[in-house]
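Input: a single structure, listed below in structure tokens.
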Amino acid sequence: MTVDQLDVRLVALLEEEPRIGVLECSRRLNVARGTVQARLDRLAARGVITGYGPQIDPAALGFDVTAFVTLQIRQVSGHDPVADRLALIPEVLEVHTITGGHDMLCRVVARSNADLQRVIDQIVDVHGVVRTESVIALDTPVPYRTLPLVKAAQR
């Protein structure tokens with residue numbers, strides 16, 4: 001899907017102020033309220049905007065350690081059963097299937113390094129997981145972001 005300058009401005013405004021209403025968006029963008037609503041509906045229907053929920057900082061909840069864990073799994077039943085079981089572990093924030101020497105990549109959080117061991121032990125206990133490797137994130141100099149992509153997709 002292509003986006004235009006108004007879409008980019010709308011997404012940028014919502015990223016800066018996620019609690020802003022449609023009416024205030026229309027005022028700030030100098031377009032009709034119906035235009036803003038139609039743009040939001042179109043972006044959501046096409047999967048560009050996937051949610052409006054709050055962004056949670058795990059560290060603010062006491063989960064100060066972020067790690068990336070790669071998994072080698074038994075290929076007998078595929079990725080889905082393993083992913084379904086990993087989803088039951090609250091500290092597993094994301095799971096991706098990947099190429100290369102491993103099969104899956106997980107972003108996990110823990111309260112401490114010792115707690116990370118507990119989380120990794122839970123991951124290893126998942127049926128189908130053969131081996132794990134982990135790296136601990138020290139800092140996040142570039143946090144997850146999508147606005148540069150939206151701008152790059154502008155026609």
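Order determines the names: the first chain of the structure tokens is A, the second B, and so forth; residues in each chain are numbered 1 upward, and ligands are numbered 1 upward as they are shown.
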With a cut-off of 7 Å, could you pull out the residues of region 12-88 of chain A touching region 115-133 of chain A and give me the nearest pair of atoms for each, distance in Å to one decimal, using only C-alpha atoms, ordered by chain and ascending number, as JSON lines?
```
{"residue": "A:Val69", "atom": "CA", "partner": "A:Glu133", "partner_atom": "CA", "distance": 5.5}
{"residue": "A:Thr70", "atom": "CA", "partner": "A:Glu133", "partner_atom": "CA", "distance": 5.2}
{"residue": "A:Leu71", "atom": "CA", "partner": "A:Thr132", "partner_atom": "CA", "distance": 4.6}
{"residue": "A:Gln72", "atom": "CA", "partner": "A:Arg131", "partner_atom": "CA", "distance": 5.1}
{"residue": "A:Ile73", "atom": "CA", "partner": "A:Val129", "partner_atom": "CA", "distance": 4.4}
{"residue": "A:Arg74", "atom": "CA", "partner": "A:Gly128", "partner_atom": "CA", "distance": 5.1}
{"residue": "A:Val82", "atom": "CA", "partner": "A:Gly128", "partner_atom": "CA", "distance": 6.2}
{"residue": "A:Arg85", "atom": "CA", "partner": "A:Val126", "partner_atom": "CA", "distance": 6.5}
{"residue": "A:Leu86", "atom": "CA", "partner": "A:Ile123", "partner_atom": "CA", "distance": 6.8}
```
Secondary structure check, helix (DSSP H, G or I) residues of chain A, as an MDAnalysis selection string: chainID A and resid 5:16 22:29 33:45 58:61 80:86 113:124 147:153
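The closest residue to Leu6 (chain A), picked from A:Arg19, A:Arg33, A:Arg145, A:Arg39 and counting only C-alpha atoms, is A:Arg39.
Assigned to strand (DSSP E or B) in region 3-126 of chain A, given DSSP computed from backbone atoms, are Val3, Val65, Thr66, Ala67, Phe68, Val69, Thr70, Leu71, Gln72, Ile73, Val92, Leu93, Glu94, Val95, His96, Thr97, Met104, Leu105, Cys106, Arg107, Val108, Val109 and Ala110 of chain A.
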Would you put the residues from that selection into a file with N, CA and C atoms, as a compact mmCIF listing (two decimals), in the first residue's frame?
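Once written, part20.txt looks like this:
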```
# COMPACT_ATOMS: atom_id res chain seq x y z
N VAL A 3 1.29 5.35 0.73
CA VAL A 3 0.73 6.39 1.59
C VAL A 3 1.11 7.74 1.02
N VAL A 65 15.86 -6.60 32.50
CA VAL A 65 16.76 -7.32 31.60
C VAL A 65 16.00 -7.70 30.33
N THR A 66 16.57 -7.33 29.18
CA THR A 66 16.04 -7.76 27.88
C THR A 66 17.08 -8.66 27.24
N ALA A 67 16.63 -9.76 26.70
CA ALA A 67 17.55 -10.69 26.03
C ALA A 67 16.91 -11.19 24.74
N PHE A 68 17.76 -11.62 23.84
CA PHE A 68 17.33 -12.24 22.60
C PHE A 68 17.81 -13.69 22.65
N VAL A 69 16.88 -14.61 22.49
CA VAL A 69 17.18 -16.03 22.62
C VAL A 69 16.88 -16.70 21.28
N THR A 70 17.90 -17.36 20.74
CA THR A 70 17.67 -18.14 19.52
C THR A 70 17.42 -19.58 19.91
N LEU A 71 16.57 -20.23 19.14
CA LEU A 71 16.18 -21.61 19.43
C LEU A 71 16.45 -22.50 18.23
N GLN A 72 16.95 -23.67 18.52
CA GLN A 72 16.94 -24.75 17.53
C GLN A 72 15.82 -25.68 17.97
N ILE A 73 14.97 -26.04 17.02
CA ILE A 73 13.83 -26.89 17.37
C ILE A 73 13.83 -28.15 16.52
N VAL A 92 8.11 -13.93 27.43
CA VAL A 92 8.42 -14.01 26.00
C VAL A 92 7.56 -12.96 25.30
N LEU A 93 8.19 -11.88 24.82
CA LEU A 93 7.45 -10.77 24.23
C LEU A 93 7.20 -10.95 22.74
N GLU A 94 8.15 -11.58 22.04
CA GLU A 94 8.03 -11.79 20.60
C GLU A 94 8.70 -13.10 20.24
N VAL A 95 8.19 -13.72 19.19
CA VAL A 95 8.82 -14.91 18.63
C VAL A 95 8.79 -14.78 17.11
N HIS A 96 9.95 -14.97 16.50
CA HIS A 96 10.06 -14.91 15.04
C HIS A 96 10.67 -16.21 14.54
N THR A 97 10.21 -16.69 13.39
CA THR A 97 10.93 -17.77 12.72
C THR A 97 12.01 -17.08 11.89
N MET A 104 14.29 -20.14 15.48
CA MET A 104 13.41 -19.12 16.03
C MET A 104 14.23 -18.11 16.82
N LEU A 105 13.71 -16.89 16.91
CA LEU A 105 14.33 -15.84 17.70
C LEU A 105 13.26 -15.27 18.62
N CYS A 106 13.58 -15.21 19.90
CA CYS A 106 12.64 -14.69 20.89
C CYS A 106 13.22 -13.45 21.56
N ARG A 107 12.38 -12.46 21.76
CA ARG A 107 12.75 -11.33 22.62
C ARG A 107 12.08 -11.58 23.94
N VAL A 108 12.88 -11.64 25.00
CA VAL A 108 12.36 -11.95 26.33
C VAL A 108 12.81 -10.88 27.31
N VAL A 109 12.10 -10.80 28.41
CA VAL A 109 12.48 -9.91 29.50
C VAL A 109 12.52 -10.70 30.79
N ALA A 110 13.28 -10.16 31.76
CA ALA A 110 13.38 -10.80 33.07
C ALA A 110 13.67 -9.71 34.09
```
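Counting only C-alpha atoms, the residue from A:Val135, A:Val11, A:Arg111, A:Met1 that sits nearest to Phe63 (chain A) is A:Arg111.
The gap separating CA of Ile98 (chain A) from CA of Gly78 (chain A) is 12.7 Å, in Å to one decimal.
Nearest-residue note for Glu17 (chain A): choosing from A:Gln154, A:Ala83, A:Pro54, A:Asp139, the minimum distance belongs to A:Pro54, counting only C-alpha atoms.
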Near-Arg28 (chain A) list (10 Å; only C-alpha atoms; drop same-chain fewer than 3 positions) as a PDB file with N, CA, C and O atoms, in the first residue's frame:
```
ATOM      1  N   ARG A   9       1.645  12.564   7.823  1.00  0.00           N
ATOM      2  CA  ARG A   9       1.424  13.567   8.862  1.00  0.00           C
ATOM      3  C   ARG A   9       0.480  13.036   9.941  1.00  0.00           C
ATOM      4  O   ARG A   9       0.679  13.290  11.133  1.00  0.00           O
ATOM      5  N   LEU A  10      -0.528  12.297   9.536  1.00  0.00           N
ATOM      6  CA  LEU A  10      -1.484  11.718  10.482  1.00  0.00           C
ATOM      7  C   LEU A  10      -0.803  10.692  11.384  1.00  0.00           C
ATOM      8  O   LEU A  10      -0.946  10.727  12.609  1.00  0.00           O
ATOM      9  N   LEU A  13       1.565  12.414  13.812  1.00  0.00           N
ATOM     10  CA  LEU A  13       0.834  13.065  14.892  1.00  0.00           C
ATOM     11  C   LEU A  13       0.372  12.049  15.927  1.00  0.00           C
ATOM     12  O   LEU A  13       0.499  12.269  17.142  1.00  0.00           O
ATOM     13  N   VAL A  22      -9.798  12.223  17.091  1.00  0.00           N
ATOM     14  CA  VAL A  22      -9.944  12.451  15.655  1.00  0.00           C
ATOM     15  C   VAL A  22     -10.228  13.925  15.373  1.00  0.00           C
ATOM     16  O   VAL A  22      -9.667  14.512  14.433  1.00  0.00           O
ATOM     17  N   LEU A  23     -11.067  14.543  16.184  1.00  0.00           N
ATOM     18  CA  LEU A  23     -11.394  15.951  15.970  1.00  0.00           C
ATOM     19  C   LEU A  23     -10.150  16.829  16.106  1.00  0.00           C
ATOM     20  O   LEU A  23      -9.904  17.709  15.263  1.00  0.00           O
ATOM     21  N   GLU A  24      -9.357  16.583  17.137  1.00  0.00           N
ATOM     22  CA  GLU A  24      -8.138  17.377  17.321  1.00  0.00           C
ATOM     23  C   GLU A  24      -7.144  17.098  16.200  1.00  0.00           C
ATOM     24  O   GLU A  24      -6.439  18.008  15.742  1.00  0.00           O
ATOM     25  N   CYS A  25      -7.061  15.861  15.743  1.00  0.00           N
ATOM     26  CA  CYS A  25      -6.206  15.545  14.581  1.00  0.00           C
ATOM     27  C   CYS A  25      -6.632  16.387  13.389  1.00  0.00           C
ATOM     28  O   CYS A  25      -5.786  16.955  12.684  1.00  0.00           O
ATOM     29  N   VAL A  31      -7.686  19.525   8.097  1.00  0.00           N
ATOM     30  CA  VAL A  31      -8.546  18.764   7.178  1.00  0.00           C
ATOM     31  C   VAL A  31      -9.843  18.427   7.922  1.00  0.00           C
ATOM     32  O   VAL A  31      -9.921  18.543   9.140  1.00  0.00           O
TER      33      VAL A  31
END
```
